[in-house]
$ cat run_4.csv   # CSV, C-alpha atoms and all ligand atoms
chain,number,residue,atom,x,y,z
A,1,MET,CA,13.4,93.9,120.0
A,2,LYS,CA,12.7,97.6,120.1
A,3,THR,CA,15.6,99.7,119.0
A,4,THR,CA,14.5,103.0,120.7
A,5,ALA,CA,16.8,105.6,122.1
A,6,LEU,CA,16.2,103.9,125.5
A,7,VAL,CA,18.3,100.9,124.4
A,8,PRO,CA,22.0,101.9,124.7
A,9,HIS,CA,24.4,101.4,121.8
A,10,LEU,CA,26.9,98.6,121.9
A,11,PHE,CA,28.7,100.1,118.9
A,12,GLU,CA,28.1,103.0,116.7
A,13,ALA,CA,30.0,103.9,113.5
A,14,ARG,CA,29.7,107.4,112.0
A,15,GLN,CA,31.0,108.1,108.5
A,16,LEU,CA,33.3,105.1,108.8
A,17,CYS,CA,35.8,104.6,106.0
A,18,VAL,CA,38.4,101.9,105.6
A,19,GLN,CA,40.7,102.0,102.7
A,20,PHE,CA,43.5,99.5,101.8
A,21,PRO,CA,46.5,100.6,99.7
A,22,GLY,CA,46.3,99.1,96.2
A,23,ARG,CA,49.1,96.9,95.1
A,24,ARG,CA,51.9,98.5,93.0
A,25,ARG,CA,50.4,101.8,92.2
A,26,THR,CA,46.9,100.5,91.5
A,27,THR,CA,44.1,102.5,93.0
A,28,PRO,CA,43.4,101.9,96.7
A,29,VAL,CA,40.5,99.6,97.7
A,30,LYS,CA,37.7,101.3,99.5
A,31,ALA,CA,36.5,98.5,101.7
A,32,LEU,CA,34.0,100.7,103.6
A,33,SER,CA,32.8,104.1,102.6
A,34,ASP,CA,30.9,106.6,104.8
A,35,LEU,CA,29.2,103.9,106.9
A,36,ASP,CA,26.7,104.9,109.6
A,37,VAL,CA,25.6,102.0,111.6
A,38,GLN,CA,24.3,101.4,115.1
A,39,TRP,CA,24.3,98.1,117.0
A,40,PHE,CA,22.2,98.1,120.1
A,41,GLN,CA,22.8,96.2,123.4
A,42,GLY,CA,21.3,92.7,123.3
A,43,GLU,CA,20.5,93.0,119.6
A,44,VAL,CA,21.3,90.6,116.8
A,45,LEU,CA,22.4,92.9,114.0
A,46,GLY,CA,22.8,91.2,110.6
A,47,ILE,CA,25.4,92.4,108.2
A,48,LEU,CA,24.2,91.0,104.9
A,49,GLY,CA,26.1,91.3,101.6
A,50,SER,CA,27.9,89.4,98.9
A,51,SER,CA,31.6,88.4,98.8
A,52,GLY,CA,33.9,91.4,99.0
A,53,SER,CA,31.2,93.8,100.2
A,54,GLY,CA,33.2,94.7,103.3
A,55,LYS,CA,31.4,92.6,105.9
A,56,SER,CA,34.5,91.1,107.6
A,57,THR,CA,36.2,94.5,107.5
A,58,LEU,CA,33.4,96.0,109.5
A,59,GLY,CA,33.6,93.1,112.0
A,60,ARG,CA,37.4,93.6,112.3
A,61,VAL,CA,36.9,97.4,112.9
A,62,PHE,CA,34.5,96.6,115.8
A,63,LEU,CA,37.0,94.1,117.2
A,64,GLY,CA,39.7,96.8,117.1
A,65,LEU,CA,41.7,94.6,114.6
A,66,GLN,CA,41.3,97.1,111.8
A,67,GLN,CA,42.0,100.8,112.1
A,68,PRO,CA,39.5,103.1,110.3
A,69,SER,CA,40.9,105.4,107.7
A,70,SER,CA,38.4,108.0,108.8
A,71,GLY,CA,35.2,108.4,110.7
A,72,GLU,CA,34.3,107.7,114.3
A,73,VAL,CA,33.5,104.4,116.0
A,74,LEU,CA,32.1,104.3,119.6
A,75,TYR,CA,31.8,101.4,121.9
A,76,GLN,CA,29.2,101.9,124.7
A,77,GLY,CA,29.4,105.6,124.0
A,78,ARG,CA,33.2,106.1,124.2
A,79,SER,CA,35.8,106.2,121.5
A,80,LEU,CA,36.7,102.6,120.3
A,81,SER,CA,40.4,103.5,120.0
A,82,THR,CA,40.4,104.2,123.8
A,83,ALA,CA,38.2,101.3,124.7
A,84,VAL,CA,40.2,98.6,122.9
A,85,ARG,CA,43.2,99.3,125.1
A,86,THR,CA,41.2,98.1,128.2
A,87,SER,CA,41.0,94.5,129.4
A,88,THR,CA,37.3,95.1,130.0
A,89,PHE,CA,36.9,95.6,126.2
A,90,ARG,CA,38.9,92.5,125.5
A,91,ARG,CA,36.7,90.5,127.8
A,92,GLN,CA,33.4,91.9,126.8
A,93,VAL,CA,33.8,91.8,123.0
A,94,GLN,CA,34.4,88.3,121.6
A,95,MET,CA,34.5,86.8,118.2
A,96,ILE,CA,33.6,83.7,116.3
A,97,PHE,CA,35.0,83.1,112.8
A,98,GLN,CA,33.9,80.9,110.0
A,99,ASP,CA,36.8,78.4,110.6
A,100,PRO,CA,37.0,77.4,114.2
A,101,TYR,CA,40.6,76.2,113.6
A,102,GLN,CA,41.5,79.9,113.2
A,103,SER,CA,40.6,80.5,116.9
A,104,LEU,CA,41.7,77.2,118.5
A,105,ASN,CA,45.2,76.1,119.4
A,106,PRO,CA,45.7,72.6,118.0
A,107,ARG,CA,48.1,71.8,120.9
A,108,ARG,CA,45.8,72.5,123.7
A,109,THR,CA,42.8,70.5,125.0
A,110,VAL,CA,39.3,71.8,125.0
A,111,GLY,CA,39.4,72.3,128.8
A,112,GLU,CA,42.7,74.2,128.6
A,113,GLN,CA,41.4,76.5,125.9
A,114,VAL,CA,38.2,77.5,127.8
A,115,LEU,CA,40.1,78.0,131.0
A,116,GLU,CA,42.7,80.1,129.3
A,117,GLY,CA,40.5,83.2,128.9
A,118,LEU,CA,39.3,82.9,132.5
A,119,GLN,CA,42.9,82.9,133.7
A,120,ILE,CA,43.9,85.8,131.5
A,121,HIS,CA,41.0,87.9,132.7
A,122,ARG,CA,41.3,86.7,136.3
A,123,ILE,CA,37.7,85.5,136.4
A,124,GLY,CA,36.9,83.2,139.3
A,125,GLN,CA,38.8,83.1,142.7
A,126,ALA,CA,40.7,79.8,142.2
A,127,ALA,CA,41.1,76.8,139.9
A,128,PRO,CA,38.0,74.9,141.1
A,129,GLU,CA,35.8,77.9,140.5
A,130,ARG,CA,37.3,78.5,137.0
A,131,THR,CA,36.8,74.8,136.1
A,132,ALA,CA,33.2,75.1,137.1
A,133,LEU,CA,32.7,78.1,135.0
A,134,ALA,CA,34.4,76.5,132.0
A,135,VAL,CA,32.3,73.3,132.4
A,136,ALA,CA,29.1,75.4,132.6
A,137,ALA,CA,30.1,77.3,129.4
A,138,LEU,CA,30.8,74.1,127.5
A,139,GLU,CA,27.5,72.6,128.6
A,140,LEU,CA,25.6,75.8,127.7
A,141,SER,CA,27.3,75.6,124.3
A,142,GLY,CA,25.9,72.1,123.7
A,143,LEU,CA,29.0,70.1,124.7
A,144,ALA,CA,27.4,68.1,127.5
A,145,PRO,CA,28.6,66.4,129.6
A,146,ALA,CA,31.7,68.6,129.5
A,147,ASP,CA,34.0,65.8,130.8
A,148,ARG,CA,33.4,63.9,127.6
A,149,TYR,CA,35.1,66.7,125.7
A,150,TRP,CA,37.4,68.2,128.3
A,151,ASN,CA,40.6,66.4,127.4
A,152,ARG,CA,40.2,66.2,123.7
A,153,TYR,CA,42.3,68.2,121.2
A,154,PRO,CA,40.6,70.1,118.4
A,155,HIS,CA,41.4,67.5,115.8
A,156,GLN,CA,39.4,65.0,117.9
A,157,LEU,CA,36.2,67.0,117.4
A,158,SER,CA,33.8,67.5,114.6
A,159,GLY,CA,33.6,70.9,112.9
A,160,GLY,CA,30.4,71.7,114.8
A,161,GLN,CA,31.9,70.7,118.1
A,162,ARG,CA,35.0,72.8,117.4
A,163,GLN,CA,32.8,75.8,116.8
A,164,ARG,CA,31.0,75.2,120.0
A,165,VAL,CA,34.3,75.1,121.9
A,166,VAL,CA,35.0,78.6,120.4
A,167,ILE,CA,31.5,79.7,121.5
A,168,ALA,CA,32.1,78.3,125.0
A,169,ALA,CA,35.5,80.0,125.4
A,170,ALA,CA,33.7,83.3,124.5
A,171,LEU,CA,30.7,82.7,126.7
A,172,ALA,CA,32.8,81.8,129.7
A,173,LEU,CA,34.0,85.5,129.8
A,174,SER,CA,30.4,86.8,130.0
A,175,PRO,CA,30.7,89.0,126.9
A,176,THR,CA,28.3,91.8,126.0
A,177,ALA,CA,29.1,91.5,122.3
A,178,LEU,CA,29.9,88.7,119.9
A,179,VAL,CA,31.1,89.3,116.4
A,180,CYS,CA,30.1,86.2,114.4
A,181,ASP,CA,31.7,86.2,111.0
A,182,GLU,CA,29.9,83.6,108.9
A,183,PRO,CA,29.8,81.3,111.9
A,184,VAL,CA,28.2,78.3,110.3
A,185,SER,CA,29.3,78.7,106.6
A,186,ALA,CA,32.0,76.1,107.0
A,187,LEU,CA,29.8,73.6,108.8
A,188,ASP,CA,27.8,70.7,107.5
A,189,VAL,CA,24.1,71.5,107.2
A,190,SER,CA,23.3,68.8,109.8
A,191,VAL,CA,25.2,70.6,112.5
A,192,ARG,CA,24.4,74.2,111.5
A,193,SER,CA,21.2,74.4,113.3
A,194,GLN,CA,22.7,73.2,116.5
A,195,VAL,CA,25.3,75.9,116.5
A,196,LEU,CA,22.6,78.5,115.5
A,197,GLN,CA,20.4,77.3,118.4
A,198,VAL,CA,23.3,78.0,120.8
A,199,LEU,CA,23.8,81.5,119.4
A,200,HIS,CA,20.1,82.1,119.6
A,201,ARG,CA,20.2,81.2,123.3
A,202,LEU,CA,23.2,83.4,124.0
A,203,ARG,CA,21.1,86.3,122.8
A,204,HIS,CA,17.8,85.3,124.5
A,205,GLU,CA,19.0,83.8,127.7
A,206,HIS,CA,22.2,85.8,128.3
A,207,GLY,CA,21.3,89.1,126.5
A,208,ILE,CA,24.5,89.0,124.5
A,209,GLY,CA,24.4,91.2,121.3
A,210,LEU,CA,25.5,89.5,118.1
A,211,LEU,CA,26.9,91.0,115.0
A,212,PHE,CA,25.8,88.3,112.6
A,213,ILE,CA,27.8,88.6,109.4
A,214,THR,CA,26.4,86.5,106.6
A,215,HIS,CA,25.9,86.3,102.8
A,216,ASP,CA,22.9,84.0,103.4
A,217,VAL,CA,19.5,85.7,103.3
A,218,GLY,CA,17.9,82.6,105.0
A,219,LEU,CA,20.2,82.9,108.0
A,220,ALA,CA,19.7,86.6,108.3
A,221,TRP,CA,16.0,86.0,108.3
A,222,ALA,CA,16.2,83.3,111.0
A,223,MET,CA,18.7,85.1,113.3
A,224,CYS,CA,18.6,88.8,113.1
A,225,ASP,CA,16.5,91.6,114.7
A,226,ARG,CA,17.8,94.2,112.2
A,227,ILE,CA,19.8,94.0,109.1
A,228,ALA,CA,22.2,96.3,107.3
A,229,VAL,CA,22.7,95.4,103.7
A,230,LEU,CA,26.2,96.1,102.5
A,231,HIS,CA,27.1,96.5,98.9
A,232,ASN,CA,30.5,97.6,97.6
A,233,GLY,CA,31.4,99.0,101.0
A,234,ARG,CA,28.3,101.0,101.5
A,235,ILE,CA,25.1,100.3,103.5
A,236,VAL,CA,22.4,100.4,100.9
A,237,GLU,CA,19.5,99.6,103.2
A,238,THR,CA,19.0,99.1,106.9
A,239,GLY,CA,16.0,98.3,109.1
A,240,ARG,CA,14.1,95.6,110.9
A,241,THR,CA,14.7,92.2,109.4
A,242,GLU,CA,11.1,91.7,108.4
A,243,ASP,CA,10.9,95.2,106.7
A,244,VAL,CA,14.2,94.8,104.9
A,245,LEU,CA,13.6,91.3,103.6
A,246,LYS,CA,9.9,91.4,103.0
A,247,TYR,CA,9.8,94.9,101.5
A,248,PRO,CA,13.3,95.5,100.1
A,249,GLN,CA,13.8,99.0,98.8
A,250,HIS,CA,17.2,98.7,97.1
A,251,PRO,CA,17.7,96.7,93.9
A,252,PHE,CA,20.7,94.9,95.4
A,253,THR,CA,18.6,93.7,98.4
A,254,ARG,CA,16.0,92.4,95.9
A,255,GLU,CA,18.7,90.7,94.0
A,256,LEU,CA,20.0,88.9,97.1
A,257,ILE,CA,16.5,87.8,98.0
A,258,GLY,CA,15.8,86.7,94.4
A,259,ALA,CA,18.9,84.5,94.5
A,260,ALA,CA,17.5,82.6,97.5
A,261,PRO,CA,13.9,81.8,96.6
A,262,GLY,CA,11.6,80.5,99.3
A,263,VAL,CA,13.8,81.2,102.3
A,264,LEU,CA,11.4,83.8,103.8
A,265,SER,CA,8.7,81.3,104.1
A,266,ARG,CA,10.9,79.0,106.2
A,267,LYS,CA,12.7,79.6,109.4
A,268,GLY,CA,16.0,79.7,107.5
A,269,GLY,CA,18.8,77.6,108.9
A,270,MET,CA,17.0,77.0,112.3
A,271,GLU,CA,14.7,74.1,111.3
B,301,LIG,N1,44.1,93.5,104.3
B,301,LIG,C1,43.6,93.8,103.1
B,301,LIG,N2,44.3,94.4,102.1
B,301,LIG,C2,43.8,94.8,100.9
B,301,LIG,N3,42.5,94.6,100.6
B,301,LIG,C3,41.7,94.1,101.5
B,301,LIG,C4,42.2,93.6,102.8
B,301,LIG,N4,41.2,93.1,103.5
B,301,LIG,C5,40.1,93.2,102.7
B,301,LIG,N5,40.4,93.8,101.5
B,301,LIG,C6,39.5,94.1,100.4
B,301,LIG,O1,38.4,94.8,101.0
B,301,LIG,C7,37.2,94.4,100.4
B,301,LIG,C8,36.2,93.9,101.4
B,301,LIG,O2,36.7,92.7,102.0
B,301,LIG,P1,36.0,91.9,103.1
B,301,LIG,O3,36.9,90.8,103.5
B,301,LIG,O4,35.6,92.8,104.2
B,301,LIG,O5,34.7,91.4,102.4
B,301,LIG,P2,33.6,90.3,102.8
B,301,LIG,O6,32.3,91.0,102.6
B,301,LIG,O7,33.9,89.9,104.2
B,301,LIG,O8,33.8,89.2,101.8
B,301,LIG,P3,33.5,87.5,102.0
B,301,LIG,O9,32.1,87.3,102.0
B,301,LIG,O10,34.2,87.0,100.8
B,301,LIG,O11,34.2,87.1,103.2
B,301,LIG,C9,37.5,93.4,99.3
B,301,LIG,O12,37.7,94.0,98.1
B,301,LIG,C10,38.9,92.8,99.8
B,301,LIG,O13,39.6,92.4,98.7
B,302,MG,MG,34.3,88.0,105.0
$ encode --input "run_4.csv" --output "structure tokens" --more "lines below"
Ligand SMILES: Nc1ncnc2c1ncn2[C@@H]1O[C@H](COP(=O)(O)OP(=O)(O)OP(=O)(O)O)[C@@H](O)[C@H]1O
Ligand SMILES: [Mg+2]
Amino acid sequence: MKTTALVPHLFEARQLCVQFPGRRRTTPVKALSDLDVQWFQGEVLGILGSSGSGKSTLGRVFLGLQQPSSGEVLYQGRSLSTAVRTSTFRRQVQMIFQDPYQSLNPRRTVGEQVLEGLQIHRIGQAAPERTALAVAALELSGLAPADRYWNRYPHQLSGGQRQRVVIAAALALSPTALVCDEPVSALDVSVRSQVLQVLHRLRHEHGIGLLFITHDVGLAWAMCDRIAVLHNGRIVETGRTEDVLKYPQHPFTRELIGAAPGVLSRKGGME
């Protein structure tokens, strides 16, 4: 997609810093330093970096779960600190984590969990309409027919199915932005591509912007429009996926690509 000034920002961070206090008088950890990043509407923005580079911290800042130490973060052009207090933000900005158990309640059925968000956000006029929306979200997420899964508990599903329930619960709310933190890292290779296909459709058919956090160059190549490469809390390189991965400028980007030989000639995890 074209990322011209005509495409509005979903999120924008300016000179964002996040610092965690060090334990027992050790020096504080600078998780993010002077980050400038723009995530456009309907865009899949990859945050690529190795472990500890600050990827999840950035995702948490955008979700309003982590306060910046300094700098400015905007959501759709307004201050994030103001936006996060609104129910619109809590509906529009959803998340998927590596481990679906983190997001699912083990004591509630699939149907109950997808309905819950609809009830909280008062989407749909009455129970039958909400049920129809939940069924549609489950089926769009690849759990079809939905009645096969509706009364199951999370432990009665595979890891890939659990992750699709999380996606369905998010999708039911018609989000504009989905923060996906290593969404397939915990999944078996055989189900990864199904989950990736669902995410791919969310973007292409529903125009949902994805923040795709990954340490995997192949996944970034397969999924992202643009990539920001994070190293020690700083963005060392950013640009269109093809430019960044085919013509890397920074030694760290070259190192990441060098550690994953051959991935740029395949379609990453989507095959
Ligand atoms: N709550 C916290 N308190 C103290 N330090 C933290 C906290 N959260 C993260 N950090 C530190 O901030 C840095 C960035 O962490 P973050 O979790 O964002 O990295 P990451 O890129 O997501 O890593 P991974 O790929 O392993 O998930 C790390 O050094 C981490 O130890
Ligand atoms: Mg992380």
$ residues_near_ligand --input "run_4.csv" --ligand "ligand MG 302 (chain B)" --cutoff "8 Å" --atoms "only C-alpha atoms and all ligand atoms" --output "number ranges by chain"
A: 51-52, 54-57, 181-182, 213
$ atom_distance --input "run_4.csv" --atom1 "atom CA of Arg108 of chain A" --atom2 "atom CA of Leu196 of chain A"
25.3 Å
$ closest_residue --input "run_4.csv" --among "A:Thr131, A:Ser33, A:Gln38, A:Gln161" --to "ligand LIG 301 (chain B)" --atoms "all atoms listed in the file"
A:Ser33
$ residues_near_ligand --input "run_4.csv" --ligand "ligand LIG 301 (chain B)" --cutoff "10 Å" --atoms "all atoms listed in the file" --output "mmCIF file with C-alpha atoms, in the coordinates of the input"
data_model
loop_
_atom_site.group_PDB
_atom_site.id
_atom_site.type_symbol
_atom_site.label_atom_id
_atom_site.label_comp_id
_atom_site.auth_asym_id
_atom_site.auth_seq_id
_atom_site.Cartn_x
_atom_site.Cartn_y
_atom_site.Cartn_z
ATOM 1 C CA VAL A 18 38.400 101.900 105.600
ATOM 2 C CA GLN A 19 40.700 102.000 102.700
ATOM 3 C CA PHE A 20 43.500 99.500 101.800
ATOM 4 C CA PRO A 21 46.500 100.600 99.700
ATOM 5 C CA GLY A 22 46.300 99.100 96.200
ATOM 6 C CA ARG A 23 49.100 96.900 95.100
ATOM 7 C CA PRO A 28 43.400 101.900 96.700
ATOM 8 C CA VAL A 29 40.500 99.600 97.700
ATOM 9 C CA LYS A 30 37.700 101.300 99.500
ATOM 10 C CA ALA A 31 36.500 98.500 101.700
ATOM 11 C CA LEU A 32 34.000 100.700 103.600
ATOM 12 C CA ILE A 47 25.400 92.400 108.200
ATOM 13 C CA LEU A 48 24.200 91.000 104.900
ATOM 14 C CA GLY A 49 26.100 91.300 101.600
ATOM 15 C CA SER A 50 27.900 89.400 98.900
ATOM 16 C CA SER A 51 31.600 88.400 98.800
ATOM 17 C CA GLY A 52 33.900 91.400 99.000
ATOM 18 C CA SER A 53 31.200 93.800 100.200
ATOM 19 C CA GLY A 54 33.200 94.700 103.300
ATOM 20 C CA LYS A 55 31.400 92.600 105.900
ATOM 21 C CA SER A 56 34.500 91.100 107.600
ATOM 22 C CA THR A 57 36.200 94.500 107.500
ATOM 23 C CA LEU A 58 33.400 96.000 109.500
ATOM 24 C CA GLY A 59 33.600 93.100 112.000
ATOM 25 C CA ARG A 60 37.400 93.600 112.300
ATOM 26 C CA VAL A 61 36.900 97.400 112.900
ATOM 27 C CA GLN A 66 41.300 97.100 111.800
ATOM 28 C CA GLN A 98 33.900 80.900 110.000
ATOM 29 C CA ASP A 181 31.700 86.200 111.000
ATOM 30 C CA GLU A 182 29.900 83.600 108.900
ATOM 31 C CA ILE A 213 27.800 88.600 109.400
ATOM 32 C CA THR A 214 26.400 86.500 106.600
ATOM 33 C CA HIS A 215 25.900 86.300 102.800
ATOM 34 C CA ASP A 216 22.900 84.000 103.400
ATOM 35 C CA LEU A 230 26.200 96.100 102.500
ATOM 36 C CA HIS A 231 27.100 96.500 98.900
ATOM 37 C CA ASN A 232 30.500 97.600 97.600
ATOM 38 C CA GLY A 233 31.400 99.000 101.000
#
$ closest_residue --input "run_4.csv" --among "A:Val84, A:Val179, A:Leu65, A:Ala169" --to "Ile208 of chain A" --atoms "all atoms listed in the file"
A:Val179
$ residues_around --input "run_4.csv" --residues "Tyr101 of chain A" --least-positions-apart "5" --cutoff "12 Å" --atoms "only C-alpha atoms" --output "ChimeraX atom specification"
/A:96,106-108,153-155,157-166,186
$ closest_residue --input "run_4.csv" --among "A:Thr26, A:Thr176, A:Thr241, A:Gln194" --to "His9 of chain A" --atoms "all atoms listed in the file"
A:Thr176
$ atom_distance --input "run_4.csv" --atom1 "atom CA of Ala13 of chain A" --atom2 "atom CA of Gly207 of chain A"
21.5 Å
$ residues_near_point --input "run_4.csv" --point "(29.9, 108.5, 109.6)" --cutoff "9 Å" --atoms "all atoms listed in the file" --output "list in words"
Ala13, Arg14, Gln15, Leu16, Cys17, Ser33, Asp34, Leu35, Asp36, Val37, Ser70, Gly71, Glu72 and Val73 of chain A
$ closest_residue --input "run_4.csv" --among "A:Gly124, A:Pro100, A:Pro8, A:Gly262" --to "Ala172 of chain A" --atoms "all atoms listed in the file"
A:Gly124
$ residues_near_point --input "run_4.csv" --point "(18.6, 95.8, 95.2)" --cutoff "12 Å" --atoms "only C-alpha atoms" --output "number ranges by chain"
A: 49-50, 229-231, 235-237, 244-245, 247-259
$ residues_around --input "run_4.csv" --residues "Ser87 of chain A" --least-positions-apart "3" --cutoff "12 Å" --atoms "only C-alpha atoms" --output "number ranges by chain"
A: 82-84, 90-94, 117, 120-123, 173, 175
$ closest_residue --input "run_4.csv" --among "A:Trp221, A:Tyr149, A:Phe97, A:Phe89" --to "Ser174 of chain A" --atoms "only C-alpha atoms"
A:Phe89
$ atom_distance --input "run_4.csv" --atom1 "atom CA of Leu264 of chain A" --atom2 "atom CA of Leu178 of chain A"
25.0 Å
$ closest_residue --input "run_4.csv" --among "A:Gln76, A:Gly218, A:Arg226, A:Glu12" --to "Ser265 of chain A" --atoms "only C-alpha atoms"
A:Gly218
$ decode --input "run_4.csv" --residues "segment 147-155 of chain A" --atoms "all heavy atoms" --output "CSV table (one decimal), in the first residue's frame"
chain,number,residue,atom,x,y,z
A,147,ASP,N,-21.0,-23.5,15.3
A,147,ASP,CA,-21.7,-24.3,16.3
A,147,ASP,C,-20.9,-25.5,16.8
A,147,ASP,O,-21.0,-26.0,17.9
A,147,ASP,CB,-23.1,-24.7,16.0
A,147,ASP,CG,-23.2,-25.5,14.7
A,147,ASP,OD1,-22.2,-25.9,14.2
A,147,ASP,OD2,-24.4,-25.6,14.2
A,148,ARG,N,-19.9,-25.9,16.0
A,148,ARG,CA,-19.0,-27.0,16.3
A,148,ARG,C,-18.1,-26.6,17.5
A,148,ARG,O,-17.6,-27.4,18.3
A,148,ARG,CB,-18.2,-27.4,15.1
A,148,ARG,CG,-17.3,-28.7,15.4
A,148,ARG,CD,-16.5,-29.0,14.2
A,148,ARG,NE,-17.2,-29.4,13.1
A,148,ARG,CZ,-16.7,-29.5,11.8
A,148,ARG,NH1,-15.4,-29.2,11.6
A,148,ARG,NH2,-17.4,-29.8,10.8
A,149,TYR,N,-17.8,-25.3,17.6
A,149,TYR,CA,-16.9,-24.8,18.6
A,149,TYR,C,-17.5,-24.0,19.7
A,149,TYR,O,-16.9,-23.8,20.8
A,149,TYR,CB,-15.8,-23.9,17.9
A,149,TYR,CG,-15.1,-24.6,16.8
A,149,TYR,CD1,-15.6,-24.4,15.4
A,149,TYR,CD2,-14.0,-25.4,17.0
A,149,TYR,CE1,-14.9,-25.1,14.4
A,149,TYR,CE2,-13.4,-26.1,16.0
A,149,TYR,CZ,-13.9,-25.9,14.7
A,149,TYR,OH,-13.2,-26.6,13.7
A,150,TRP,N,-18.8,-23.6,19.5
A,150,TRP,CA,-19.5,-22.6,20.4
A,150,TRP,C,-19.4,-23.0,21.8
A,150,TRP,O,-19.1,-22.1,22.7
A,150,TRP,CB,-20.9,-22.5,19.9
A,150,TRP,CG,-21.6,-21.3,20.5
A,150,TRP,CD1,-22.5,-21.4,21.6
A,150,TRP,CD2,-21.6,-20.0,20.1
A,150,TRP,NE1,-23.0,-20.2,21.9
A,150,TRP,CE2,-22.5,-19.3,21.0
A,150,TRP,CE3,-21.0,-19.3,19.1
A,150,TRP,CZ2,-22.7,-17.9,21.0
A,150,TRP,CZ3,-21.2,-17.9,19.0
A,150,TRP,CH2,-22.0,-17.2,20.0
A,151,ASN,N,-19.7,-24.2,22.2
A,151,ASN,CA,-19.8,-24.6,23.6
A,151,ASN,C,-18.5,-25.2,24.1
A,151,ASN,O,-18.5,-25.8,25.2
A,151,ASN,CB,-21.0,-25.6,23.8
A,151,ASN,CG,-22.3,-24.9,23.6
A,151,ASN,OD1,-22.5,-23.8,24.1
A,151,ASN,ND2,-23.2,-25.5,22.8
A,152,ARG,N,-17.5,-25.2,23.4
A,152,ARG,CA,-16.2,-25.8,23.9
A,152,ARG,C,-15.5,-24.8,24.8
A,152,ARG,O,-15.6,-23.6,24.6
A,152,ARG,CB,-15.3,-26.1,22.7
A,152,ARG,CG,-15.8,-27.3,21.9
A,152,ARG,CD,-14.6,-27.9,21.2
A,152,ARG,NE,-15.1,-28.5,19.9
A,152,ARG,CZ,-14.3,-28.9,19.0
A,152,ARG,NH1,-13.0,-28.8,19.1
A,152,ARG,NH2,-14.8,-29.5,17.9
A,153,TYR,N,-14.7,-25.3,25.7
A,153,TYR,CA,-13.8,-24.5,26.6
A,153,TYR,C,-12.4,-24.5,25.9
A,153,TYR,O,-12.1,-25.3,25.1
A,153,TYR,CB,-13.7,-25.1,28.0
A,153,TYR,CG,-15.0,-25.0,28.7
A,153,TYR,CD1,-16.1,-25.9,28.6
A,153,TYR,CD2,-15.3,-23.8,29.5
A,153,TYR,CE1,-17.3,-25.7,29.2
A,153,TYR,CE2,-16.5,-23.6,30.1
A,153,TYR,CZ,-17.5,-24.6,30.0
A,153,TYR,OH,-18.7,-24.4,30.6
A,154,PRO,N,-11.6,-23.4,26.3
A,154,PRO,CA,-10.3,-23.3,25.6
A,154,PRO,C,-9.5,-24.6,25.6
A,154,PRO,O,-8.8,-24.9,24.6
A,154,PRO,CB,-9.6,-22.2,26.4
A,154,PRO,CG,-10.8,-21.3,26.8
A,154,PRO,CD,-11.9,-22.3,27.1
A,155,HIS,N,-9.5,-25.4,26.7
A,155,HIS,CA,-8.7,-26.6,26.8
A,155,HIS,C,-9.2,-27.7,25.8
A,155,HIS,O,-8.5,-28.6,25.6
A,155,HIS,CB,-8.6,-27.1,28.2
A,155,HIS,CG,-9.9,-27.8,28.7
A,155,HIS,ND1,-10.9,-27.1,29.3
A,155,HIS,CD2,-10.3,-29.1,28.6
A,155,HIS,CE1,-11.9,-28.0,29.5
A,155,HIS,NE2,-11.5,-29.2,29.1
